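This is work-v7.pdb. It holds PDB, C-alpha atoms.
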```pdb
MODEL        1
ATOM      1  CA  MET A   1      56.998  90.388 -52.513
ATOM      2  CA  VAL A   2      54.811  91.334 -55.497
ATOM      3  CA  ASP A   3      52.167  92.867 -53.218
ATOM      4  CA  ALA A   4      54.883  94.853 -51.461
ATOM      5  CA  TRP A   5      56.131  96.240 -54.778
ATOM      6  CA  TYR A   6      52.709  97.474 -55.821
ATOM      7  CA  ASN A   7      51.532  98.685 -52.409
ATOM      8  CA  ASP A   8      54.647 100.823 -51.895
ATOM      9  CA  THR A   9      55.461  98.941 -48.679
ATOM     10  CA  LEU A  10      58.338 100.506 -46.789
ATOM     11  CA  TRP A  11      60.258  97.363 -45.794
ATOM     12  CA  VAL A  12      60.869  96.355 -49.400
ATOM     13  CA  LYS A  13      62.953  99.501 -49.889
ATOM     14  CA  ALA A  14      65.636  97.829 -47.792
ATOM     15  CA  PHE A  15      66.546  96.156 -51.076
ATOM     16  CA  ALA A  16      67.142  99.549 -52.728
ATOM     17  CA  PRO A  17      70.960  99.152 -52.876
ATOM     18  CA  LEU A  18      70.496  95.891 -54.791
ATOM     19  CA  SER A  19      67.979  97.663 -56.995
ATOM     20  CA  TYR A  20      70.525 100.309 -57.952
ATOM     21  CA  LEU A  21      73.076  97.568 -58.662
ATOM     22  CA  TYR A  22      70.558  95.740 -60.869
ATOM     23  CA  ARG A  23      69.790  98.976 -62.716
ATOM     24  CA  MET A  24      73.476  99.632 -63.340
ATOM     25  CA  LEU A  25      74.089  96.072 -64.573
ATOM     26  CA  ALA A  26      71.022  96.244 -66.831
ATOM     27  CA  SER A  27      72.317  99.487 -68.323
ATOM     28  CA  LEU A  28      75.777  97.999 -68.906
ATOM     29  CA  ARG A  29      74.228  94.910 -70.488
ATOM     30  CA  ARG A  30      72.142  97.020 -72.831
ATOM     31  CA  SER A  31      75.123  99.157 -73.805
ATOM     32  CA  TRP A  32      77.255  96.068 -74.443
ATOM     33  CA  LEU A  33      74.587  94.330 -76.530
ATOM     34  CA  THR A  34      73.750  97.376 -78.630
ATOM     35  CA  LYS A  35      77.436  98.014 -79.382
ATOM     36  CA  ARG A  36      77.815  94.465 -80.639
ATOM     37  CA  SER A  37      76.377  93.530 -84.017
ATOM     38  CA  VAL A  38      72.637  93.864 -83.557
ATOM     39  CA  TRP A  39      70.817  91.565 -85.967
ATOM     40  CA  LYS A  40      68.358  93.474 -88.120
ATOM     41  CA  SER A  41      65.445  91.561 -89.562
ATOM     42  CA  PRO A  42      64.921  91.928 -93.333
ATOM     43  CA  VAL A  43      61.268  92.686 -92.557
ATOM     44  CA  PRO A  44      60.064  95.274 -90.012
ATOM     45  CA  LEU A  45      59.815  94.030 -86.424
ATOM     46  CA  ILE A  46      57.295  95.346 -83.890
ATOM     47  CA  ILE A  47      58.060  94.572 -80.251
ATOM     48  CA  VAL A  48      55.209  94.590 -77.740
ATOM     49  CA  GLY A  49      56.755  94.312 -74.294
ATOM     50  CA  ASN A  50      56.905  95.789 -70.834
ATOM     51  CA  ILE A  51      59.406  97.083 -68.322
ATOM     52  CA  SER A  52      57.832  95.334 -65.331
ATOM     53  CA  VAL A  53      57.562  91.708 -64.281
ATOM     54  CA  GLY A  54      54.174  90.034 -64.457
ATOM     55  CA  GLY A  55      51.305  90.373 -66.884
ATOM     56  CA  THR A  56      50.184  93.720 -68.254
ATOM     57  CA  GLY A  57      47.875  92.686 -71.114
ATOM     58  CA  LYS A  58      50.515  92.323 -73.828
ATOM     59  CA  SER A  59      49.094  89.258 -75.528
ATOM     60  CA  PRO A  60      45.597  90.686 -76.198
ATOM     61  CA  LEU A  61      47.283  93.753 -77.704
ATOM     62  CA  VAL A  62      49.525  91.528 -79.841
ATOM     63  CA  ILE A  63      46.406  89.732 -81.091
ATOM     64  CA  GLY A  64      44.708  93.059 -81.827
ATOM     65  CA  ILE A  65      47.715  94.449 -83.703
ATOM     66  CA  VAL A  66      48.124  91.240 -85.720
ATOM     67  CA  GLN A  67      44.449  91.257 -86.690
ATOM     68  CA  TYR A  68      44.753  94.907 -87.726
ATOM     69  CA  LEU A  69      47.837  94.168 -89.838
ATOM     70  CA  ILE A  70      45.874  91.422 -91.591
ATOM     71  CA  GLU A  71      43.073  93.915 -92.286
ATOM     72  CA  LEU A  72      45.682  96.176 -93.904
ATOM     73  CA  GLY A  73      46.566  93.396 -96.326
ATOM     74  CA  LEU A  74      49.839  92.489 -94.652
ATOM     75  CA  ARG A  75      51.161  89.023 -93.818
ATOM     76  CA  PRO A  76      52.261  89.163 -90.168
ATOM     77  CA  GLY A  77      53.968  86.476 -88.134
ATOM     78  CA  VAL A  78      54.648  86.295 -84.393
ATOM     79  CA  VAL A  79      57.646  85.262 -82.313
ATOM     80  CA  SER A  80      57.593  84.615 -78.583
ATOM     81  CA  ARG A  81      59.788  83.442 -75.735
ATOM     82  CA  GLY A  82      57.023  81.046 -74.725
ATOM     83  CA  TYR A  83      57.084  81.423 -70.953
ATOM     84  CA  GLY A  84      56.175  78.112 -69.355
ATOM     85  CA  ALA A  85      57.121  76.217 -72.517
ATOM     86  CA  ASN A  86      59.056  72.981 -72.139
ATOM     87  CA  SER A  87      59.875  71.860 -75.645
ATOM     88  CA  ASN A  88      62.696  69.396 -76.265
ATOM     89  CA  HIS A  89      63.941  71.537 -79.136
ATOM     90  CA  TYR A  90      63.936  75.151 -80.319
ATOM     91  CA  PRO A  91      62.819  76.882 -82.408
ATOM     92  CA  VAL A  92      59.371  75.307 -82.451
ATOM     93  CA  GLU A  93      56.427  76.419 -84.564
ATOM     94  CA  VAL A  94      52.978  76.413 -82.984
ATOM     95  CA  THR A  95      50.378  74.181 -84.641
ATOM     96  CA  MET A  96      46.802  73.150 -83.878
ATOM     97  CA  THR A  97      48.149  70.039 -82.164
ATOM     98  CA  SER A  98      50.632  71.946 -79.976
ATOM     99  CA  SER A  99      50.115  71.892 -76.231
ATOM    100  CA  GLY A 100      50.545  74.733 -73.789
ATOM    101  CA  ALA A 101      53.193  72.679 -72.003
ATOM    102  CA  GLU A 102      55.212  72.455 -75.210
ATOM    103  CA  VAL A 103      54.954  75.991 -76.609
ATOM    104  CA  GLY A 104      53.542  78.114 -73.761
ATOM    105  CA  ASP A 105      50.005  79.337 -73.161
ATOM    106  CA  GLU A 106      50.322  82.787 -74.738
ATOM    107  CA  PRO A 107      51.806  81.664 -78.099
ATOM    108  CA  LEU A 108      49.144  78.955 -78.340
ATOM    109  CA  MET A 109      46.381  81.479 -77.628
ATOM    110  CA  ILE A 110      47.793  83.947 -80.184
ATOM    111  CA  TYR A 111      47.968  81.237 -82.845
ATOM    112  CA  LYS A 112      44.433  79.987 -82.242
ATOM    113  CA  ARG A 113      43.002  83.525 -82.287
ATOM    114  CA  THR A 114      44.865  84.847 -85.334
ATOM    115  CA  GLY A 115      45.874  81.850 -87.438
ATOM    116  CA  VAL A 116      49.194  83.483 -88.330
ATOM    117  CA  PRO A 117      52.481  81.569 -88.037
ATOM    118  CA  VAL A 118      53.906  81.691 -84.506
ATOM    119  CA  VAL A 119      57.436  80.558 -83.633
ATOM    120  CA  VAL A 120      58.651  80.025 -80.067
ATOM    121  CA  ASP A 121      62.292  80.282 -79.039
ATOM    122  CA  PRO A 122      64.105  81.889 -76.074
ATOM    123  CA  ASP A 123      66.522  83.213 -78.710
ATOM    124  CA  ARG A 124      64.352  85.808 -80.454
ATOM    125  CA  VAL A 125      66.822  86.301 -83.317
ATOM    126  CA  ARG A 126      66.720  82.598 -84.085
ATOM    127  CA  ALA A 127      62.916  82.664 -83.814
ATOM    128  CA  VAL A 128      62.600  85.456 -86.396
ATOM    129  CA  LYS A 129      65.027  83.722 -88.758
ATOM    130  CA  GLU A 130      63.011  80.507 -88.486
ATOM    131  CA  LEU A 131      59.749  82.362 -89.062
ATOM    132  CA  ILE A 132      60.748  84.279 -92.178
ATOM    133  CA  SER A 133      62.620  81.317 -93.674
ATOM    134  CA  HIS A 134      59.428  79.233 -93.759
ATOM    135  CA  HIS A 135      56.738  81.878 -94.234
ATOM    136  CA  GLU A 136      56.325  84.900 -96.517
ATOM    137  CA  CYS A 137      55.821  87.363 -93.670
ATOM    138  CA  ASP A 138      56.271  91.042 -94.446
ATOM    139  CA  VAL A 139      56.096  92.135 -90.789
ATOM    140  CA  VAL A 140      56.918  90.349 -87.523
ATOM    141  CA  VAL A 141      55.378  91.031 -84.112
ATOM    142  CA  SER A 142      57.326  89.963 -81.032
ATOM    143  CA  ASP A 143      55.286  89.103 -77.945
ATOM    144  CA  ASP A 144      57.684  90.483 -75.328
ATOM    145  CA  GLY A 145      61.403  90.815 -76.040
ATOM    146  CA  LEU A 146      61.851  94.503 -75.222
ATOM    147  CA  GLN A 147      65.048  93.673 -73.338
ATOM    148  CA  HIS A 148      66.326  91.321 -76.079
ATOM    149  CA  TYR A 149      68.675  93.971 -77.450
ATOM    150  CA  ALA A 150      70.466  91.650 -79.856
ATOM    151  CA  LEU A 151      67.304  91.888 -81.945
ATOM    152  CA  GLY A 152      66.886  95.054 -84.001
ATOM    153  CA  ARG A 153      63.417  96.566 -84.046
ATOM    154  CA  ALA A 154      61.415  99.078 -86.070
ATOM    155  CA  ILE A 155      58.773  99.827 -83.421
ATOM    156  CA  GLU A 156      58.783  99.473 -79.630
ATOM    157  CA  ILE A 157      55.460  99.372 -77.763
ATOM    158  CA  VAL A 158      55.315  99.037 -73.981
ATOM    159  CA  VAL A 159      52.174  97.951 -72.129
ATOM    160  CA  ILE A 160      51.504  99.077 -68.545
ATOM    161  CA  ASP A 161      48.800  97.712 -66.268
ATOM    162  CA  GLY A 162      46.663 100.760 -65.523
ATOM    163  CA  VAL A 163      45.534  99.332 -62.181
ATOM    164  CA  ARG A 164      48.917  98.406 -60.736
ATOM    165  CA  GLY A 165      50.925 100.956 -62.695
ATOM    166  CA  LEU A 166      54.682 100.880 -62.184
ATOM    167  CA  GLY A 167      54.489  99.896 -58.530
ATOM    168  CA  ASN A 168      56.981 101.714 -56.344
ATOM    169  CA  GLY A 169      59.009 102.706 -59.407
ATOM    170  CA  LEU A 170      62.096 100.743 -58.364
ATOM    171  CA  CYS A 171      63.991  98.099 -60.284
ATOM    172  CA  LEU A 172      64.337  94.507 -59.122
ATOM    173  CA  PRO A 173      64.555  93.289 -56.397
ATOM    174  CA  ALA A 174      63.210  96.322 -54.516
ATOM    175  CA  GLY A 175      60.511  96.889 -57.123
ATOM    176  CA  PRO A 176      58.872  95.267 -60.148
ATOM    177  CA  LEU A 177      60.813  97.028 -62.908
ATOM    178  CA  ARG A 178      63.198  95.325 -65.329
ATOM    179  CA  GLU A 179      64.373  98.731 -66.525
ATOM    180  CA  PRO A 180      64.049 102.239 -65.064
ATOM    181  CA  VAL A 181      60.999 104.398 -65.743
ATOM    182  CA  SER A 182      63.140 106.629 -67.975
ATOM    183  CA  ARG A 183      63.192 103.787 -70.541
ATOM    184  CA  LEU A 184      59.600 104.724 -71.398
ATOM    185  CA  GLU A 185      60.808 108.007 -72.891
ATOM    186  CA  GLU A 186      62.690 106.073 -75.575
ATOM    187  CA  VAL A 187      59.953 103.747 -76.823
ATOM    188  CA  ASP A 188      57.557 104.631 -79.627
ATOM    189  CA  LEU A 189      54.319 104.080 -77.710
ATOM    190  CA  VAL A 190      53.263 103.412 -74.115
ATOM    191  CA  VAL A 191      49.879 101.692 -73.916
ATOM    192  CA  ILE A 192      48.068 101.863 -70.571
ATOM    193  CA  ASN A 193      45.757  98.905 -70.068
ATOM    194  CA  GLY A 194      42.715 100.396 -68.332
ATOM    195  CA  GLU A 195      41.438 103.923 -67.863
ATOM    196  CA  HIS A 196      43.702 104.866 -65.010
ATOM    197  CA  SER A 197      46.434 107.448 -64.621
ATOM    198  CA  VAL A 198      49.907 106.120 -63.884
ATOM    199  CA  PRO A 199      51.510 108.625 -61.474
ATOM    200  CA  ARG A 200      55.135 107.872 -62.301
ATOM    201  CA  LEU A 201      54.425 108.058 -66.018
ATOM    202  CA  GLY A 202      52.933 111.535 -66.039
ATOM    203  CA  ASN A 203      51.319 112.854 -69.210
ATOM    204  CA  ALA A 204      53.747 111.312 -71.663
ATOM    205  CA  ALA A 205      53.156 112.418 -75.239
ATOM    206  CA  ASN A 206      53.771 108.885 -76.465
ATOM    207  CA  SER A 207      51.091 107.285 -74.259
ATOM    208  CA  SER A 208      47.731 105.850 -75.231
ATOM    209  CA  MET A 209      44.864 104.002 -73.545
ATOM    210  CA  MET A 210      43.637 100.465 -74.085
ATOM    211  CA  GLN A 211      40.599  98.586 -72.799
ATOM    212  CA  LEU A 212      40.093  94.838 -72.671
ATOM    213  CA  LYS A 213      36.500  94.344 -73.763
ATOM    214  CA  PRO A 214      34.661  91.088 -72.943
ATOM    215  CA  VAL A 215      33.432  89.677 -76.260
ATOM    216  CA  ARG A 216      31.790  86.350 -75.510
ATOM    217  CA  LEU A 217      31.842  83.188 -73.441
ATOM    218  CA  VAL A 218      33.134  80.208 -75.413
ATOM    219  CA  ASN A 219      32.207  76.640 -74.525
ATOM    220  CA  MET A 220      35.366  74.602 -74.019
ATOM    221  CA  THR A 221      33.717  71.409 -75.265
ATOM    222  CA  THR A 222      31.862  72.550 -78.374
ATOM    223  CA  GLY A 223      33.549  75.854 -79.240
ATOM    224  CA  ASP A 224      30.141  77.533 -79.361
ATOM    225  CA  GLY A 225      29.896  81.091 -78.098
ATOM    226  CA  LYS A 226      27.277  83.112 -76.279
ATOM    227  CA  PRO A 227      27.082  86.724 -75.025
ATOM    228  CA  ALA A 228      29.628  87.611 -72.370
ATOM    229  CA  ASP A 229      26.886  88.594 -69.918
ATOM    230  CA  SER A 230      24.767  85.474 -70.462
ATOM    231  CA  LEU A 231      25.764  84.123 -67.036
ATOM    232  CA  GLY A 232      24.754  87.376 -65.349
ATOM    233  CA  GLY A 233      23.045  86.770 -62.020
ATOM    234  CA  LYS A 234      24.515  83.276 -61.761
ATOM    235  CA  THR A 235      27.330  81.943 -59.594
ATOM    236  CA  VAL A 236      30.418  80.524 -61.302
ATOM    237  CA  HIS A 237      33.776  79.100 -60.360
ATOM    238  CA  ALA A 238      36.204  81.671 -61.773
ATOM    239  CA  VAL A 239      39.586  80.065 -62.444
ATOM    240  CA  ALA A 240      42.658  82.153 -63.246
ATOM    241  CA  GLY A 241      46.329  81.266 -63.513
ATOM    242  CA  ILE A 242      47.531  84.746 -64.438
ATOM    243  CA  SER A 243      49.691  87.313 -62.686
ATOM    244  CA  HIS A 244      46.807  89.639 -61.780
ATOM    245  CA  PRO A 245      43.713  87.430 -61.308
ATOM    246  CA  GLU A 246      41.723  90.209 -59.652
ATOM    247  CA  ARG A 247      41.346  91.902 -63.043
ATOM    248  CA  PHE A 248      39.636  88.769 -64.411
ATOM    249  CA  PHE A 249      37.401  88.386 -61.368
ATOM    250  CA  ASN A 250      36.414  92.063 -61.515
ATOM    251  CA  THR A 251      35.569  91.739 -65.206
ATOM    252  CA  LEU A 252      33.202  88.868 -64.441
ATOM    253  CA  ASN A 253      31.660  90.904 -61.621
ATOM    254  CA  SER A 254      31.071  93.775 -64.056
ATOM    255  CA  LEU A 255      29.056  91.350 -66.207
ATOM    256  CA  GLY A 256      26.767  90.647 -63.260
ATOM    257  CA  ILE A 257      28.348  87.268 -62.542
ATOM    258  CA  VAL A 258      28.759  86.095 -58.939
ATOM    259  CA  VAL A 259      32.318  84.822 -58.597
ATOM    260  CA  ILE A 260      33.789  82.014 -56.523
ATOM    261  CA  PRO A 261      37.463  82.849 -57.125
ATOM    262  CA  HIS A 262      40.177  80.236 -57.633
ATOM    263  CA  GLU A 263      43.694  81.647 -58.022
ATOM    264  CA  PHE A 264      46.622  79.702 -59.438
ATOM    265  CA  PRO A 265      50.211  80.771 -60.210
ATOM    266  CA  ASP A 266      50.893  82.424 -63.553
ATOM    267  CA  HIS A 267      51.435  79.861 -66.348
ATOM    268  CA  HIS A 268      50.068  77.080 -64.113
ATOM    269  CA  ALA A 269      49.834  73.668 -65.823
ATOM    270  CA  PHE A 270      46.161  72.909 -65.246
ATOM    271  CA  THR A 271      44.791  69.411 -64.734
ATOM    272  CA  ILE A 272      41.183  68.270 -64.536
ATOM    273  CA  GLU A 273      41.559  68.012 -60.758
ATOM    274  CA  ASP A 274      42.180  71.772 -60.604
ATOM    275  CA  VAL A 275      38.805  72.583 -62.163
ATOM    276  CA  ASN A 276      36.627  69.681 -61.018
ATOM    277  CA  PHE A 277      34.439  71.048 -58.215
ATOM    278  CA  ASP A 278      31.719  68.335 -58.233
ATOM    279  CA  ASP A 279      28.846  70.782 -57.778
ATOM    280  CA  ASN A 280      27.471  71.393 -61.297
ATOM    281  CA  ILE A 281      28.263  75.118 -61.035
ATOM    282  CA  PRO A 282      29.630  76.586 -64.309
ATOM    283  CA  VAL A 283      33.384  77.075 -64.518
ATOM    284  CA  VAL A 284      34.748  80.159 -66.304
ATOM    285  CA  MET A 285      38.445  80.472 -67.120
ATOM    286  CA  THR A 286      40.647  82.985 -68.867
ATOM    287  CA  GLU A 287      41.325  82.169 -72.503
ATOM    288  CA  LYS A 288      45.049  81.918 -71.746
ATOM    289  CA  ASP A 289      44.367  79.204 -69.184
ATOM    290  CA  ALA A 290      41.716  77.405 -71.225
ATOM    291  CA  VAL A 291      44.062  76.661 -74.136
ATOM    292  CA  LYS A 292      46.129  74.515 -71.749
ATOM    293  CA  LEU A 293      43.166  72.441 -70.550
ATOM    294  CA  ASP A 294      42.710  70.279 -73.622
ATOM    295  CA  ILE A 295      40.960  67.395 -71.880
ATOM    296  CA  PRO A 296      38.426  65.236 -73.744
ATOM    297  CA  GLY A 297      35.159  64.455 -72.036
ATOM    298  CA  LEU A 298      34.583  67.734 -70.201
ATOM    299  CA  PRO A 299      30.875  68.012 -69.324
ATOM    300  CA  GLU A 300      29.180  69.914 -72.139
ATOM    301  CA  GLY A 301      27.795  73.287 -71.112
ATOM    302  CA  LEU A 302      29.739  73.486 -67.851
ATOM    303  CA  TYR A 303      33.193  74.777 -68.844
ATOM    304  CA  TRP A 304      33.663  78.169 -70.498
ATOM    305  CA  TYR A 305      36.349  80.739 -71.140
ATOM    306  CA  LEU A 306      35.944  84.489 -71.504
ATOM    307  CA  GLU A 307      37.166  85.853 -74.824
ATOM    308  CA  VAL A 308      38.324  89.472 -74.676
ATOM    309  CA  GLU A 309      39.575  91.883 -77.302
ATOM    310  CA  ALA A 310      41.907  94.840 -76.972
ATOM    311  CA  CYS A 311      40.358  98.180 -77.915
ATOM    312  CA  PHE A 312      43.155 100.637 -78.669
ATOM    313  CA  ASP A 313      43.959 103.784 -80.653
ATOM    314  CA  LEU A 314      44.357 102.652 -84.266
ATOM    315  CA  ALA A 315      45.420 106.142 -85.343
ATOM    316  CA  LYS A 316      48.543 105.926 -83.181
ATOM    317  CA  ILE A 317      49.339 102.474 -84.529
ATOM    318  CA  ASP A 318      48.889 103.805 -88.084
ATOM    319  CA  ALA A 319      51.304 106.647 -87.367
ATOM    320  CA  LEU A 320      53.928 104.186 -86.120
ATOM    321  CA  LEU A 321      53.442 101.917 -89.129
ATOM    322  CA  ASN A 322      53.916 104.870 -91.477
ATOM    323  CA  LYS A 323      57.011 106.008 -89.606
ATOM    324  CA  ALA A 324      58.528 102.525 -89.874
ATOM    325  CA  GLY A 325      57.681 102.233 -93.569
ATOM    326  CA  ILE A 326      55.225  99.399 -92.987
ATOM    327  CA  GLU A 327      52.427 101.333 -94.695
ATOM    328  CA  LYS A 328      54.625 101.462 -97.793
ATOM    329  CA  ILE A 329      54.835  97.678 -97.756
ATOM    330  CA  LYS A 330      51.050  97.492 -97.725
ATOM    331  CA  ARG A 331      50.770  99.735-100.775
ATOM    332  CA  THR A 332      53.422  97.900-102.782
ATOM    333  CA  THR A 333      51.956  94.466-102.051
ATOM    334  CA  GLY A 334      48.543  95.744-103.093
ATOM    335  CA  GLY A 335      46.715  94.046-100.183
TER     336      GLY A 335
ENDMDL
END
```
As structure tokens, what does this structure read like?
Amino acid sequence: MVDAWYNDTLWVKAFAPLSYLYRMLASLRRSWLTKRSVWKSPVPLIIVGNISVGGTGKSPLVIGIVQYLIELGLRPGVVSRGYGANSNHYPVEVTMTSSGAEVGDEPLMIYKRTGVPVVVDPDRVRAVKELISHHECDVVVSDDGLQHYALGRAIEIVVIDGVRGLGNGLCLPAGPLREPVSRLEEVDLVVINGEHSVPRLGNAANSSMMQLKPVRLVNMTTGDGKPADSLGGKTVHAVAGISHPERFFNTLNSLGIVVIPHEFPDHHAFTIEDVNFDDNIPVVMTEKDAVKLDIPGLPEGLYWYLEVEACFDLAKIDALLNKAGIEKIKRTTGG
């Protein structure tokens, strides 16, 4: 079905009547939620989300924004739904001993990369309340949650996969969209992940480009890093449990690495059997997948993950921070 959405396959348009019904119900839900008492956080909230199902590169952008906020002298925290999480209670705060199964792979990756407090809860309002009641955060970043309209927000940022774009432009189930394309006109910034034009987006004034830049390969046993292209010319098992694994495989190819691809479902719960190929060929995973494979005794030097960073337009982020009054917070706290 996903391939049909993004390849503009004709047969999937048979679901168009259901798509229009979904769109109408989504609009009614939004109207109902926004007319109820929307909870407004006492500190500014930045939502980084999307209008399509599947991965678009949100989490690397969240990490980049959080790191930038820290550079500005702010004290950010993060809340997340924690897709794939299976905790026996919520809200739950991510710690160094948390597992991907408990809190979700993306929150765990964000915490390990940034060190800021991260709280996971399907109820985003409850997550923010938990976060700010235990930590002196002066800004909160929500990884996803664009459609969580009970939660007031200061800034809305939407990420679009520049390769797959908006698919056929239809809402579920005939297309990949959670909300219609027109929703993009209302958000503060649309970030396109990859240097590609998105036909259905046009030349929106509120759009910006982002690139995911390979930074280094990190050894999963020792934590040591080496240049991202250090396996250039060599063959590796490339393991990805993400929604668009081809992007990861293509990135490795661009580094001169010969890829033996291994695709798994998004948020897959990896075991050692999934990545044990018994051939002494290096294994390279995405960082999001690697945080879930916390298995002692992995052969040293054989298992790696690729660390990437989001390169985006800081000037546009600065403008949004100023508009939301977050720059004022930075000045009054004195860094």
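Taking CA of Ser98 (chain A) and CA of Gly77 (chain A) as endpoints, the distance between them is 17.0 Å.
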Starting from the shown file, work through the PyMOL selection byres ((chain A and resi 155) around 9) and note down what comes out as an NGL selection string.
-> :A and (44-48 or 153-154 or 156-157 or 187-189 or 320-321 or 323-324)
Output the selection as a compact mmCIF listing (two decimals), in the frame of the given file - C-alpha atoms for each residue.
```
# COMPACT_ATOMS: atom_id res chain seq x y z
CA PRO A 44 60.06 95.27 -90.01
CA LEU A 45 59.82 94.03 -86.42
CA ILE A 46 57.30 95.35 -83.89
CA ILE A 47 58.06 94.57 -80.25
CA VAL A 48 55.21 94.59 -77.74
CA ARG A 153 63.42 96.57 -84.05
CA ALA A 154 61.42 99.08 -86.07
CA GLU A 156 58.78 99.47 -79.63
CA ILE A 157 55.46 99.37 -77.76
CA VAL A 187 59.95 103.75 -76.82
CA ASP A 188 57.56 104.63 -79.63
CA LEU A 189 54.32 104.08 -77.71
CA LEU A 320 53.93 104.19 -86.12
CA LEU A 321 53.44 101.92 -89.13
CA LYS A 323 57.01 106.01 -89.61
CA ALA A 324 58.53 102.52 -89.87
```
Explicit residues for the PyMOL selection byres ((chain A and resi 274) around 12) (as number ranges by chain) = A: 237-241, 262-264, 268-273, 275-278, 283, 285, 289, 293
Could you please take those selected residues and save C-alpha atoms as a compact mmCIF listing (two decimals), in the coordinates of the input?
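part_3.txt, written as the output of this step:
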```txt
# COMPACT_ATOMS: atom_id res chain seq x y z
CA HIS A 237 33.78 79.10 -60.36
CA ALA A 238 36.20 81.67 -61.77
CA VAL A 239 39.59 80.06 -62.44
CA ALA A 240 42.66 82.15 -63.25
CA GLY A 241 46.33 81.27 -63.51
CA HIS A 262 40.18 80.24 -57.63
CA GLU A 263 43.69 81.65 -58.02
CA PHE A 264 46.62 79.70 -59.44
CA HIS A 268 50.07 77.08 -64.11
CA ALA A 269 49.83 73.67 -65.82
CA PHE A 270 46.16 72.91 -65.25
CA THR A 271 44.79 69.41 -64.73
CA ILE A 272 41.18 68.27 -64.54
CA GLU A 273 41.56 68.01 -60.76
CA VAL A 275 38.80 72.58 -62.16
CA ASN A 276 36.63 69.68 -61.02
CA PHE A 277 34.44 71.05 -58.22
CA ASP A 278 31.72 68.33 -58.23
CA VAL A 283 33.38 77.08 -64.52
CA MET A 285 38.44 80.47 -67.12
CA ASP A 289 44.37 79.20 -69.18
CA LEU A 293 43.17 72.44 -70.55
```
Per-residue nearest contacts of region 143-204 of chain A to region 32-41 of chain A (12 Å; all atoms listed in the file) as a Markdown table:
```
| residue | atom | partner | partner_atom | distance |
| --- | --- | --- | --- | --- |
| A:Gln147 | CA | A:Leu33 | CA | 10.1 |
| A:His148 | CA | A:Leu33 | CA | 8.8 |
| A:Tyr149 | CA | A:Leu33 | CA | 6.0 |
| A:Ala150 | CA | A:Val38 | CA | 4.8 |
| A:Leu151 | CA | A:Trp39 | CA | 5.3 |
| A:Gly152 | CA | A:Lys40 | CA | 4.7 |
| A:Arg153 | CA | A:Lys40 | CA | 7.1 |
| A:Ala154 | CA | A:Lys40 | CA | 9.2 |
```
Exercise: Lys129 (chain A) partners within 12 Å, only C-alpha atoms, chain neighbours under 5 positions left out, as an NGL selection string | :A and (39-43 or 45 or 77-79 or 91-92 or 119-121 or 123-124 or 134-137 or 140 or 151)
Result set of the PyMOL selection byres ((chain A and resi 67) around 12) on the coordinates above, as a ChimeraX atom specification | /A:60-66,68-78,110-111,113-116,141,309-311,314
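Shortest atom-to-atom contact with Pro214 (chain A) among A:Leu306, A:Val191, A:Ile281, A:Val128: A:Leu306, counting only C-alpha atoms.
You will find CA of Trp304 (chain A) at 21.8 Å from CA of Gly55 (chain A).
Picture a line from CA of Ala85 (chain A) to CA of Val236 (chain A); it runs 29.3 Å.
For the choices A:Pro176, A:Asn50, A:Arg216, A:Gly84, the atom-to-atom distance to Gly145 (chain A) is smallest for A:Asn50 when using only C-alpha atoms.
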Return the padded bounding box of region 153-168 of chain A as AutoDock Vina command-line options: axis-aligned, built from all atoms listed in the file, 5 Å added on each side, with centre and edge lengths in Å to one decimal.
```
--center_x 54.5 --center_y 99.1 --center_z -71.2 --size_x 27.9 --size_y 15.1 --size_z 39.7
```
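Among the candidates A:Ser99, A:Asn250, A:Ser19, A:Ser142, the residue lying nearest to Val125 (chain A) is A:Ser142 (atoms considered: all atoms listed in the file).
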Write out N, CA and C atoms for region 270-278 of chain A, as a PDB file, keeping the file's coordinate frame.
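So the final result, stored in out-v5.pdb, reads:
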```
ATOM      1  N   PHE A 270      47.430  73.380 -65.799  1.00  0.00           N
ATOM      2  CA  PHE A 270      46.161  72.909 -65.246  1.00  0.00           C
ATOM      3  C   PHE A 270      45.917  71.431 -65.543  1.00  0.00           C
ATOM      4  N   THR A 271      45.284  70.772 -64.565  1.00  0.00           N
ATOM      5  CA  THR A 271      44.791  69.411 -64.734  1.00  0.00           C
ATOM      6  C   THR A 271      43.295  69.425 -64.451  1.00  0.00           C
ATOM      7  N   ILE A 272      42.619  68.340 -64.771  1.00  0.00           N
ATOM      8  CA  ILE A 272      41.183  68.270 -64.536  1.00  0.00           C
ATOM      9  C   ILE A 272      40.867  68.380 -63.046  1.00  0.00           C
ATOM     10  N   GLU A 273      41.788  67.915 -62.202  1.00  0.00           N
ATOM     11  CA  GLU A 273      41.559  68.012 -60.758  1.00  0.00           C
ATOM     12  C   GLU A 273      41.491  69.463 -60.296  1.00  0.00           C
ATOM     13  N   ASP A 274      42.187  70.356 -60.989  1.00  0.00           N
ATOM     14  CA  ASP A 274      42.180  71.772 -60.604  1.00  0.00           C
ATOM     15  C   ASP A 274      40.825  72.425 -60.829  1.00  0.00           C
ATOM     16  N   VAL A 275      40.055  71.914 -61.774  1.00  0.00           N
ATOM     17  CA  VAL A 275      38.805  72.583 -62.163  1.00  0.00           C
ATOM     18  C   VAL A 275      37.583  71.692 -61.986  1.00  0.00           C
ATOM     19  N   ASN A 276      37.752  70.580 -61.290  1.00  0.00           N
ATOM     20  CA  ASN A 276      36.627  69.681 -61.018  1.00  0.00           C
ATOM     21  C   ASN A 276      36.112  69.960 -59.610  1.00  0.00           C
ATOM     22  N   PHE A 277      34.960  70.633 -59.518  1.00  0.00           N
ATOM     23  CA  PHE A 277      34.439  71.048 -58.215  1.00  0.00           C
ATOM     24  C   PHE A 277      33.239  70.219 -57.757  1.00  0.00           C
ATOM     25  N   ASP A 278      32.773  69.291 -58.597  1.00  0.00           N
ATOM     26  CA  ASP A 278      31.719  68.335 -58.233  1.00  0.00           C
ATOM     27  C   ASP A 278      30.456  69.000 -57.694  1.00  0.00           C
TER      28      ASP A 278
END
```
